[in-house]
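Text of entry-v4.csv, listed as CSV, C-alpha atoms:
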```
chain,number,residue,atom,x,y,z
A,239,MET,CA,98.8,66.7,-105.6
A,240,SER,CA,100.3,70.1,-105.1
A,241,THR,CA,103.6,72.1,-105.0
A,242,ARG,CA,104.4,74.4,-102.1
A,243,LEU,CA,106.6,77.4,-102.6
A,244,THR,CA,107.9,79.2,-99.5
A,245,TYR,CA,109.5,82.6,-100.0
A,246,TRP,CA,112.7,83.1,-98.0
A,247,GLY,CA,113.5,86.6,-99.3
A,248,ALA,CA,115.7,88.0,-102.2
A,249,ALA,CA,115.4,85.2,-104.7
A,250,GLY,CA,115.3,82.4,-102.2
A,251,TYR,CA,112.6,79.7,-102.2
A,252,GLU,CA,112.0,76.3,-100.7
A,253,VAL,CA,110.0,74.3,-103.2
A,254,VAL,CA,108.2,71.1,-101.9
A,255,SER,CA,106.6,68.9,-104.6
A,256,PRO,CA,104.8,65.6,-104.1
A,257,THR,CA,108.1,63.8,-104.4
A,258,HIS,CA,111.0,66.3,-103.8
A,259,ARG,CA,112.3,69.2,-101.7
A,260,ILE,CA,114.3,71.8,-103.7
A,261,LEU,CA,116.1,74.9,-102.4
A,262,MET,CA,116.6,77.8,-104.8
A,263,ASP,CA,119.2,80.5,-103.9
A,264,PRO,CA,119.0,79.8,-100.2
A,265,PHE,CA,119.9,83.2,-98.6
A,266,LEU,CA,119.3,83.0,-94.8
A,267,THR,CA,122.2,83.8,-92.5
A,268,ASP,CA,122.8,87.4,-93.7
A,269,ASN,CA,119.1,87.9,-94.4
A,270,PRO,CA,117.6,90.2,-91.8
A,271,MET,CA,114.1,89.0,-92.6
A,272,ALA,CA,115.0,85.2,-92.8
A,273,PRO,CA,112.1,83.1,-91.6
A,274,LEU,CA,114.4,80.4,-90.2
A,275,SER,CA,118.1,79.6,-89.7
A,276,PRO,CA,120.1,77.3,-92.0
A,277,ASP,CA,120.2,74.7,-89.1
A,278,ASP,CA,116.4,74.5,-89.2
A,279,VAL,CA,116.1,73.8,-92.9
A,280,GLU,CA,114.9,70.2,-93.6
A,281,SER,CA,117.3,68.2,-95.8
A,282,PRO,CA,116.6,68.9,-99.5
A,283,ASP,CA,116.9,66.6,-102.4
A,284,LEU,CA,118.6,69.3,-104.4
A,285,ILE,CA,120.0,72.8,-104.1
A,286,LEU,CA,120.0,75.2,-107.1
A,287,VAL,CA,122.2,78.3,-107.1
A,288,SER,CA,121.8,80.8,-109.9
A,289,HIS,CA,125.0,82.7,-109.4
A,290,ALA,CA,127.7,83.8,-107.0
A,291,ALA,CA,126.2,87.0,-105.6
A,292,LEU,CA,126.0,86.7,-101.8
A,293,ASP,CA,122.2,87.2,-101.6
A,294,HIS,CA,121.8,84.3,-104.0
A,295,TYR,CA,124.7,82.0,-103.1
A,296,GLY,CA,123.7,82.6,-99.4
A,297,ASP,CA,124.0,79.4,-97.3
A,298,ALA,CA,124.4,77.0,-100.1
A,299,ALA,CA,127.8,75.6,-98.9
A,300,ALA,CA,126.7,75.2,-95.3
A,301,LEU,CA,123.5,73.4,-96.3
A,302,ALA,CA,125.3,71.2,-98.8
A,303,ARG,CA,127.9,70.2,-96.2
A,304,ARG,CA,125.3,69.5,-93.5
A,305,THR,CA,122.8,67.6,-95.6
A,306,GLY,CA,124.9,66.1,-98.3
A,307,ALA,CA,122.5,67.4,-100.9
A,308,PRO,CA,123.6,67.8,-104.5
A,309,VAL,CA,124.0,71.3,-105.9
A,310,VAL,CA,123.4,72.5,-109.5
A,311,CYS,CA,125.2,75.8,-110.3
A,312,ASP,CA,127.6,77.6,-112.5
A,313,ALA,CA,131.4,77.5,-112.5
A,314,ALA,CA,132.0,80.4,-110.1
A,315,VAL,CA,129.6,78.9,-107.5
A,316,ARG,CA,131.3,75.5,-107.9
A,317,ALA,CA,134.7,77.1,-107.1
A,318,MET,CA,133.2,78.8,-104.0
A,319,LEU,CA,131.5,75.6,-102.8
A,320,LEU,CA,134.8,73.7,-103.1
A,321,ASP,CA,136.6,76.5,-101.3
A,322,GLU,CA,134.1,76.1,-98.4
A,323,GLY,CA,134.6,72.3,-98.2
A,324,VAL,CA,131.8,70.9,-100.2
A,325,SER,CA,132.7,67.6,-101.9
A,326,SER,CA,133.2,67.8,-105.7
A,327,ASP,CA,130.9,64.7,-105.8
A,328,GLN,CA,128.0,66.8,-104.7
A,329,ILE,CA,128.4,69.6,-107.3
A,330,SER,CA,127.1,69.6,-110.9
A,331,ALA,CA,128.3,72.7,-112.7
A,332,THR,CA,126.3,73.4,-115.9
A,333,THR,CA,125.3,76.3,-118.1
A,334,TRP,CA,122.5,77.3,-120.5
A,335,GLY,CA,121.0,74.4,-122.4
A,336,ILE,CA,122.8,71.6,-120.6
A,337,VAL,CA,119.9,69.8,-118.9
A,338,VAL,CA,120.8,67.9,-115.7
A,339,ASP,CA,119.0,64.9,-114.3
A,340,ILE,CA,119.9,64.8,-110.7
A,341,ALA,CA,118.1,63.3,-107.6
A,342,GLY,CA,115.3,62.3,-110.0
A,343,ILE,CA,114.7,65.9,-111.0
A,344,LEU,CA,115.2,67.4,-114.5
A,345,VAL,CA,116.9,70.8,-114.2
A,346,ARG,CA,116.9,72.9,-117.3
A,347,PRO,CA,119.3,75.9,-117.2
A,348,VAL,CA,118.2,78.7,-119.5
A,349,GLU,CA,119.7,82.0,-120.7
A,350,CYS,CA,120.3,84.6,-118.0
A,351,HIS,CA,121.7,88.1,-118.7
A,352,HIS,CA,123.6,88.9,-115.6
A,353,TRP,CA,127.0,88.2,-114.1
A,354,SER,CA,128.4,85.6,-111.6
A,355,LYS,CA,131.4,86.8,-109.7
A,356,GLY,CA,132.6,85.7,-106.2
A,357,THR,CA,135.7,85.8,-104.0
A,358,LEU,CA,137.5,82.8,-102.6
A,359,SER,CA,139.0,82.6,-99.1
A,360,ASP,CA,142.5,83.5,-100.4
A,361,GLY,CA,141.1,86.7,-102.1
A,362,ARG,CA,141.0,85.4,-105.6
A,363,ASP,CA,138.0,86.3,-107.7
A,364,VAL,CA,136.1,83.7,-109.6
A,365,VAL,CA,133.8,84.3,-112.5
A,366,GLY,CA,131.1,82.1,-114.1
A,367,ASN,CA,128.0,82.2,-116.3
A,368,PRO,CA,124.8,82.9,-114.3
A,369,ILE,CA,121.8,80.6,-114.8
A,370,ALA,CA,118.1,80.8,-114.8
A,371,PHE,CA,116.3,77.5,-114.1
A,372,ILE,CA,113.1,75.6,-115.2
A,373,VAL,CA,112.1,72.7,-113.0
A,374,GLU,CA,108.9,70.6,-113.4
A,375,THR,CA,107.8,69.7,-109.9
A,376,GLU,CA,104.9,67.6,-111.0
A,377,PRO,CA,103.0,67.2,-114.3
A,378,GLY,CA,101.6,70.6,-115.2
A,379,VAL,CA,103.7,72.6,-112.8
A,380,ARG,CA,106.8,74.0,-114.4
A,381,ILE,CA,108.6,76.6,-112.4
A,382,TYR,CA,110.9,79.3,-113.9
A,383,HIS,CA,113.4,80.9,-111.6
A,384,TYR,CA,114.8,84.1,-113.2
A,385,GLY,CA,118.3,83.8,-111.8
A,386,ASP,CA,118.7,87.6,-111.5
A,387,THR,CA,118.4,88.2,-115.3
A,388,CYS,CA,117.7,91.6,-116.9
A,389,ILE,CA,115.0,91.7,-119.5
A,390,PHE,CA,115.6,90.2,-123.0
A,391,ASP,CA,113.4,88.5,-125.6
A,392,MET,CA,112.2,85.4,-123.7
A,393,ARG,CA,109.4,84.4,-126.0
A,394,LEU,CA,111.2,81.3,-127.3
A,395,ILE,CA,111.8,80.1,-123.8
A,396,GLY,CA,108.1,80.4,-123.2
A,397,GLU,CA,107.2,78.6,-126.5
A,398,LEU,CA,109.6,75.8,-126.0
A,399,TYR,CA,109.4,75.0,-122.3
A,400,ARG,CA,106.0,76.5,-121.3
A,401,PRO,CA,106.7,77.4,-117.7
A,402,THR,CA,103.5,77.8,-115.7
A,403,VAL,CA,104.9,79.6,-112.6
A,404,GLY,CA,107.5,82.3,-112.9
A,405,LEU,CA,109.6,83.6,-110.0
A,406,LEU,CA,110.4,87.1,-111.3
A,407,GLY,CA,112.6,89.8,-109.8
A,408,CYS,CA,110.8,93.1,-110.1
A,409,THR,CA,112.7,95.3,-107.6
A,410,THR,CA,115.9,95.1,-105.5
A,411,PRO,CA,116.4,94.5,-101.7
A,412,ARG,CA,117.4,97.9,-100.6
A,413,GLU,CA,118.1,96.7,-97.1
A,414,LEU,CA,121.3,95.2,-98.5
A,415,PHE,CA,122.7,98.3,-100.2
A,416,HIS,CA,125.3,98.7,-97.5
A,417,TRP,CA,127.0,95.6,-99.1
A,418,VAL,CA,127.7,97.5,-102.3
A,419,PRO,CA,130.9,99.6,-102.4
A,420,GLY,CA,131.5,102.6,-104.6
A,421,PRO,CA,129.7,105.8,-105.4
A,422,GLY,CA,126.1,106.2,-106.5
A,423,THR,CA,122.9,104.5,-105.6
A,424,PHE,CA,121.2,101.7,-107.5
A,425,VAL,CA,117.8,102.9,-108.7
A,426,THR,CA,116.4,99.6,-109.9
A,427,GLY,CA,117.1,95.9,-109.7
A,428,GLU,CA,118.0,93.8,-112.7
A,429,MET,CA,114.4,94.2,-113.8
A,430,ASP,CA,111.9,96.8,-112.8
A,431,ALA,CA,108.2,96.2,-112.4
A,432,ASP,CA,107.3,97.0,-116.0
A,433,GLU,CA,110.0,94.8,-117.4
A,434,ALA,CA,109.1,91.8,-115.1
A,435,ALA,CA,105.4,92.2,-116.1
A,436,ARG,CA,106.4,92.0,-119.8
A,437,VAL,CA,108.5,88.9,-119.1
A,438,ALA,CA,105.4,87.2,-117.6
A,439,GLU,CA,103.7,87.7,-120.9
A,440,MET,CA,106.7,86.6,-123.0
A,441,LEU,CA,106.9,83.3,-121.0
A,442,GLY,CA,103.1,82.8,-121.1
A,443,LEU,CA,102.9,82.2,-117.3
A,444,GLU,CA,99.8,81.2,-115.5
A,445,LEU,CA,101.1,82.6,-112.2
A,446,ALA,CA,103.6,85.5,-112.0
A,447,VAL,CA,105.3,85.6,-108.6
A,448,ALA,CA,107.2,88.7,-107.5
A,449,CYS,CA,110.6,88.4,-105.8
A,450,HIS,CA,114.0,90.0,-105.2
A,451,TYR,CA,112.9,92.0,-102.1
A,452,LEU,CA,112.8,91.6,-98.4
A,453,THR,CA,109.9,94.0,-97.8
A,454,LEU,CA,107.2,94.9,-100.2
A,455,ASP,CA,107.8,98.2,-102.0
A,456,ASP,CA,106.2,100.4,-104.6
A,457,GLU,CA,107.8,98.4,-107.5
A,458,VAL,CA,106.2,95.2,-106.2
A,459,ALA,CA,102.8,97.0,-106.1
A,460,ARG,CA,103.4,98.3,-109.6
A,461,PHE,CA,104.3,94.8,-110.8
A,462,LEU,CA,100.9,93.5,-109.5
A,463,GLU,CA,99.2,96.3,-111.4
A,464,LEU,CA,101.1,95.8,-114.6
A,465,VAL,CA,100.9,92.1,-115.1
A,466,PRO,CA,97.2,92.2,-116.1
A,467,LYS,CA,98.0,95.1,-118.5
A,468,TYR,CA,100.2,92.8,-120.7
A,469,ASP,CA,98.2,89.6,-120.2
A,470,THR,CA,96.8,88.5,-123.5
A,471,THR,CA,95.3,85.3,-122.0
A,472,GLY,CA,92.9,87.1,-119.6
A,473,ALA,CA,93.8,84.4,-117.0
A,474,ARG,CA,97.2,85.3,-115.6
A,475,ARG,CA,97.5,86.0,-111.9
A,476,ALA,CA,100.2,88.0,-110.1
A,477,VAL,CA,101.1,87.5,-106.5
A,478,ALA,CA,103.7,88.9,-104.1
A,479,PRO,CA,104.5,86.8,-101.1
A,480,ARG,CA,105.9,88.3,-97.9
A,481,VAL,CA,109.0,86.6,-96.6
A,482,GLY,CA,108.1,83.4,-94.9
A,483,GLU,CA,104.8,82.9,-96.7
A,484,THR,CA,103.8,80.0,-98.8
A,485,LEU,CA,102.1,79.6,-102.2
A,486,VAL,CA,100.3,76.3,-102.9
A,487,VAL,CA,100.1,75.4,-106.6
A,488,GLU,CA,98.1,72.6,-108.3
A,489,PRO,CA,98.3,71.6,-111.9
A,490,GLY,CA,95.9,73.8,-113.9
A,491,LYS,CA,95.1,76.1,-111.0
A,492,HIS,CA,96.7,77.9,-108.1
A,493,TRP,CA,95.7,79.6,-104.9
A,494,ILE,CA,97.3,81.2,-101.9
A,495,GLU,CA,97.7,79.4,-98.6
A,496,SER,CA,98.5,82.5,-96.5
A,497,GLY,CA,95.9,85.2,-96.4
A,498,ASN,CA,98.6,87.8,-96.1
A,499,VAL,CA,100.1,87.3,-99.5
A,500,VAL,CA,99.5,90.4,-101.7
A,501,ALA,CA,97.7,89.4,-104.8
A,502,GLY,CA,97.0,91.3,-108.0
A,503,THR,CA,93.5,91.7,-109.5
```
Translate the structure of the given file into structure tokens.
Amino acid sequence: MSTRLTYWGAAGYEVVSPTHRILMDPFLTDNPMAPLSPDDVESPDLILVSHAALDHYGDAAALARRTGAPVVCDAAVRAMLLDEGVSSDQISATTWGIVVDIAGILVRPVECHHWSKGTLSDGRDVVGNPIAFIVETEPGVRIYHYGDTCIFDMRLIGELYRPTVGLLGCTTPRELFHWVPGPGTFVTGEMDADEAARVAEMLGLELAVACHYLTLDDEVARFLELVPKYDTTGARRAVAPRVGETLVVEPGKHWIESGNVVAGT
């Protein structure tokens, strides 16, 4: 048995377990590095959307309409999905701590320090509470998706829920900066490499997976170097998939299917 995680760019993943297919923050149409189009995505059992930012919300509405898949999200994303014609029967809006059993999958929303703001077709802004997720894809494989959080003390999340794989933003997709109005330039993402490496330790991860980029950059390389620095277990591994590449994870161990994935020491 194994779980396959294919990186779509930004914070987007397709997760295929022995029993389910899950899409996380499915950002494809406006992604210049997207490995496939939304029309080519196989029907999922579940779509998870962490918040309303366009590089996370992505193609959630189009995929939900085409496939009929249920969506777990926050209130802002729910409003946007309804605005785009997704049936309310498909949407389960939740927040930190309210665990959802949907499509035979337990989704645990956990604390996420960020914001969730989107705009409806009539110009109205909607605001919600962003979500990080923990999903167990099979016994012994518990995946944490960071939801675009900044760093905070996550040790209790690690102690209580013991995620084994963490999808951790450690930089920012600079190719998308033209989307952001206003003066100035973003220097970091919600977490930089050092912060994300510390989070891997706080959560007690076995496998720390870099994300929130479209092309590998210096911060991704620094993340791979720093994860071992904070590792008190001596066994943690850090990897950085390129867009379109797949990680294959088995309970109690992990390896890399594609030889092009950048791995830490």
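Every protein or nucleic acid residue with an atom no more than 6 Å from Gly335 of chain A, counting all atoms listed in the file and leaving out same-chain residues fewer than 2 positions away, appears here: A:Val337, A:Pro347, A:Val348.
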Provide the atom CA of Val365 of chain A to atom CA of Cys311 of chain A distance in Å, to one decimal place.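 Going from atom CA of Val365 of chain A over to atom CA of Cys311 of chain A covers 12.3 Å.
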Pick the closest to Ala290 of chain A from A:Arg316, A:Lys355, A:Arg346, A:His383: which is it, counting only C-alpha atoms?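 Looking only at the distances to Ala290 of chain A, the closest residue turns out to be A:Lys355.
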Atomic separation - atom CA of Gly247 of chain A relative to atom CA of Cys449 of chain A, Å: 7.3 Å
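Going from atom CA of Gly482 of chain A over to atom CA of Ala272 of chain A, you cover 7.4 Å.
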Within 9 Å of His352 of chain A, counting all atoms listed in the file, which residues qualify if same-chain residues fewer than 2 places away don't, as a VMD selection string? chain A and resid 289 350 354 367 to 369 385 to 388 428
Applying 6 Å and only C-alpha atoms, which residues near Val254 of chain A remain after dropping the ones on its own chain fewer than 4 positions away? List them as JSON, numbers by chain. {"A": [241, 242, 258, 259]}
Please fill the gaps in segment 459-484 of chain A so it has N, CA, C and O atoms, and write that as a PDB file, in the frame of the given file.
```
ATOM      1  N   ALA A 459     104.225  96.624-105.853  1.00  0.00           N
ATOM      2  CA  ALA A 459     102.800  97.000-106.100  1.00  0.00           C
ATOM      3  C   ALA A 459     102.589  97.316-107.563  1.00  0.00           C
ATOM      4  O   ALA A 459     101.540  96.954-108.130  1.00  0.00           O
ATOM      5  N   ARG A 460     103.553  97.963-108.203  1.00  0.00           N
ATOM      6  CA  ARG A 460     103.400  98.300-109.600  1.00  0.00           C
ATOM      7  C   ARG A 460     103.423  97.034-110.481  1.00  0.00           C
ATOM      8  O   ARG A 460     102.702  96.941-111.477  1.00  0.00           O
ATOM      9  N   PHE A 461     104.257  96.042-110.097  1.00  0.00           N
ATOM     10  CA  PHE A 461     104.300  94.800-110.800  1.00  0.00           C
ATOM     11  C   PHE A 461     102.883  94.120-110.766  1.00  0.00           C
ATOM     12  O   PHE A 461     102.374  93.642-111.787  1.00  0.00           O
ATOM     13  N   LEU A 462     102.246  94.105-109.602  1.00  0.00           N
ATOM     14  CA  LEU A 462     100.900  93.500-109.500  1.00  0.00           C
ATOM     15  C   LEU A 462      99.901  94.230-110.358  1.00  0.00           C
ATOM     16  O   LEU A 462      98.978  93.611-110.894  1.00  0.00           O
ATOM     17  N   GLU A 463     100.074  95.541-110.513  1.00  0.00           N
ATOM     18  CA  GLU A 463      99.200  96.300-111.400  1.00  0.00           C
ATOM     19  C   GLU A 463      99.421  96.087-112.852  1.00  0.00           C
ATOM     20  O   GLU A 463      98.485  96.089-113.664  1.00  0.00           O
ATOM     21  N   LEU A 464     100.703  95.890-113.217  1.00  0.00           N
ATOM     22  CA  LEU A 464     101.100  95.800-114.600  1.00  0.00           C
ATOM     23  C   LEU A 464     100.915  94.464-115.260  1.00  0.00           C
ATOM     24  O   LEU A 464     100.730  94.353-116.480  1.00  0.00           O
ATOM     25  N   VAL A 465     101.027  93.403-114.478  1.00  0.00           N
ATOM     26  CA  VAL A 465     100.900  92.100-115.100  1.00  0.00           C
ATOM     27  C   VAL A 465      99.601  91.933-115.864  1.00  0.00           C
ATOM     28  O   VAL A 465      99.613  91.460-117.013  1.00  0.00           O
ATOM     29  N   PRO A 466      98.445  92.330-115.326  1.00  0.00           N
ATOM     30  CA  PRO A 466      97.200  92.200-116.100  1.00  0.00           C
ATOM     31  C   PRO A 466      97.239  93.084-117.389  1.00  0.00           C
ATOM     32  O   PRO A 466      96.593  92.742-118.383  1.00  0.00           O
ATOM     33  N   LYS A 467      97.963  94.189-117.363  1.00  0.00           N
ATOM     34  CA  LYS A 467      98.000  95.100-118.500  1.00  0.00           C
ATOM     35  C   LYS A 467      98.586  94.383-119.742  1.00  0.00           C
ATOM     36  O   LYS A 467      98.128  94.618-120.869  1.00  0.00           O
ATOM     37  N   TYR A 468      99.588  93.517-119.537  1.00  0.00           N
ATOM     38  CA  TYR A 468     100.200  92.800-120.700  1.00  0.00           C
ATOM     39  C   TYR A 468      99.707  91.445-120.920  1.00  0.00           C
ATOM     40  O   TYR A 468     100.160  90.767-121.844  1.00  0.00           O
ATOM     41  N   ASP A 469      98.746  91.011-120.140  1.00  0.00           N
ATOM     42  CA  ASP A 469      98.200  89.600-120.200  1.00  0.00           C
ATOM     43  C   ASP A 469      97.267  89.499-121.394  1.00  0.00           C
ATOM     44  O   ASP A 469      96.180  90.078-121.387  1.00  0.00           O
ATOM     45  N   THR A 470      97.660  88.721-122.402  1.00  0.00           N
ATOM     46  CA  THR A 470      96.800  88.500-123.500  1.00  0.00           C
ATOM     47  C   THR A 470      95.908  87.243-123.330  1.00  0.00           C
ATOM     48  O   THR A 470      95.035  86.960-124.153  1.00  0.00           O
ATOM     49  N   THR A 471      96.110  86.519-122.232  1.00  0.00           N
ATOM     50  CA  THR A 471      95.300  85.300-122.000  1.00  0.00           C
ATOM     51  C   THR A 471      94.047  85.631-121.177  1.00  0.00           C
ATOM     52  O   THR A 471      93.075  84.870-121.224  1.00  0.00           O
ATOM     53  N   GLY A 472      94.075  86.726-120.426  1.00  0.00           N
ATOM     54  CA  GLY A 472      92.900  87.100-119.600  1.00  0.00           C
ATOM     55  C   GLY A 472      92.844  86.218-118.320  1.00  0.00           C
ATOM     56  O   GLY A 472      91.889  86.353-117.546  1.00  0.00           O
ATOM     57  N   ALA A 473      93.834  85.348-118.089  1.00  0.00           N
ATOM     58  CA  ALA A 473      93.800  84.400-117.000  1.00  0.00           C
ATOM     59  C   ALA A 473      94.958  84.493-116.030  1.00  0.00           C
ATOM     60  O   ALA A 473      94.957  83.869-114.973  1.00  0.00           O
ATOM     61  N   ARG A 474      95.983  85.229-116.415  1.00  0.00           N
ATOM     62  CA  ARG A 474      97.200  85.300-115.600  1.00  0.00           C
ATOM     63  C   ARG A 474      96.960  85.925-114.267  1.00  0.00           C
ATOM     64  O   ARG A 474      96.239  86.897-114.155  1.00  0.00           O
ATOM     65  N   ARG A 475      97.602  85.393-113.244  1.00  0.00           N
ATOM     66  CA  ARG A 475      97.500  86.000-111.900  1.00  0.00           C
ATOM     67  C   ARG A 475      98.880  86.393-111.436  1.00  0.00           C
ATOM     68  O   ARG A 475      99.871  85.719-111.729  1.00  0.00           O
ATOM     69  N   ALA A 476      98.926  87.488-110.692  1.00  0.00           N
ATOM     70  CA  ALA A 476     100.200  88.000-110.100  1.00  0.00           C
ATOM     71  C   ALA A 476     100.052  87.993-108.596  1.00  0.00           C
ATOM     72  O   ALA A 476      99.021  88.428-108.061  1.00  0.00           O
ATOM     73  N   VAL A 477     101.090  87.529-107.914  1.00  0.00           N
ATOM     74  CA  VAL A 477     101.100  87.500-106.500  1.00  0.00           C
ATOM     75  C   VAL A 477     102.452  87.991-105.952  1.00  0.00           C
ATOM     76  O   VAL A 477     103.460  87.899-106.652  1.00  0.00           O
ATOM     77  N   ALA A 478     102.474  88.474-104.726  1.00  0.00           N
ATOM     78  CA  ALA A 478     103.700  88.900-104.100  1.00  0.00           C
ATOM     79  C   ALA A 478     103.726  88.419-102.657  1.00  0.00           C
ATOM     80  O   ALA A 478     103.138  89.041-101.770  1.00  0.00           O
ATOM     81  N   PRO A 479     104.404  87.296-102.415  1.00  0.00           N
ATOM     82  CA  PRO A 479     104.500  86.800-101.100  1.00  0.00           C
ATOM     83  C   PRO A 479     105.338  87.617-100.158  1.00  0.00           C
ATOM     84  O   PRO A 479     106.345  88.160-100.599  1.00  0.00           O
ATOM     85  N   ARG A 480     104.961  87.749 -98.912  1.00  0.00           N
ATOM     86  CA  ARG A 480     105.900  88.300 -97.900  1.00  0.00           C
ATOM     87  C   ARG A 480     106.855  87.207 -97.522  1.00  0.00           C
ATOM     88  O   ARG A 480     106.580  86.013 -97.670  1.00  0.00           O
ATOM     89  N   VAL A 481     108.008  87.611 -97.013  1.00  0.00           N
ATOM     90  CA  VAL A 481     109.000  86.600 -96.600  1.00  0.00           C
ATOM     91  C   VAL A 481     108.415  85.696 -95.556  1.00  0.00           C
ATOM     92  O   VAL A 481     107.788  86.140 -94.589  1.00  0.00           O
ATOM     93  N   GLY A 482     108.608  84.408 -95.784  1.00  0.00           N
ATOM     94  CA  GLY A 482     108.100  83.400 -94.900  1.00  0.00           C
ATOM     95  C   GLY A 482     106.755  82.822 -95.284  1.00  0.00           C
ATOM     96  O   GLY A 482     106.314  81.823 -94.707  1.00  0.00           O
ATOM     97  N   GLU A 483     106.103  83.417 -96.282  1.00  0.00           N
ATOM     98  CA  GLU A 483     104.800  82.900 -96.700  1.00  0.00           C
ATOM     99  C   GLU A 483     104.875  81.913 -97.813  1.00  0.00           C
ATOM    100  O   GLU A 483     105.874  81.825 -98.523  1.00  0.00           O
ATOM    101  N   THR A 484     103.810  81.129 -97.940  1.00  0.00           N
ATOM    102  CA  THR A 484     103.800  80.000 -98.800  1.00  0.00           C
ATOM    103  C   THR A 484     102.700  80.073 -99.860  1.00  0.00           C
ATOM    104  O   THR A 484     101.559  80.394 -99.514  1.00  0.00           O
TER     105      THR A 484
END
```
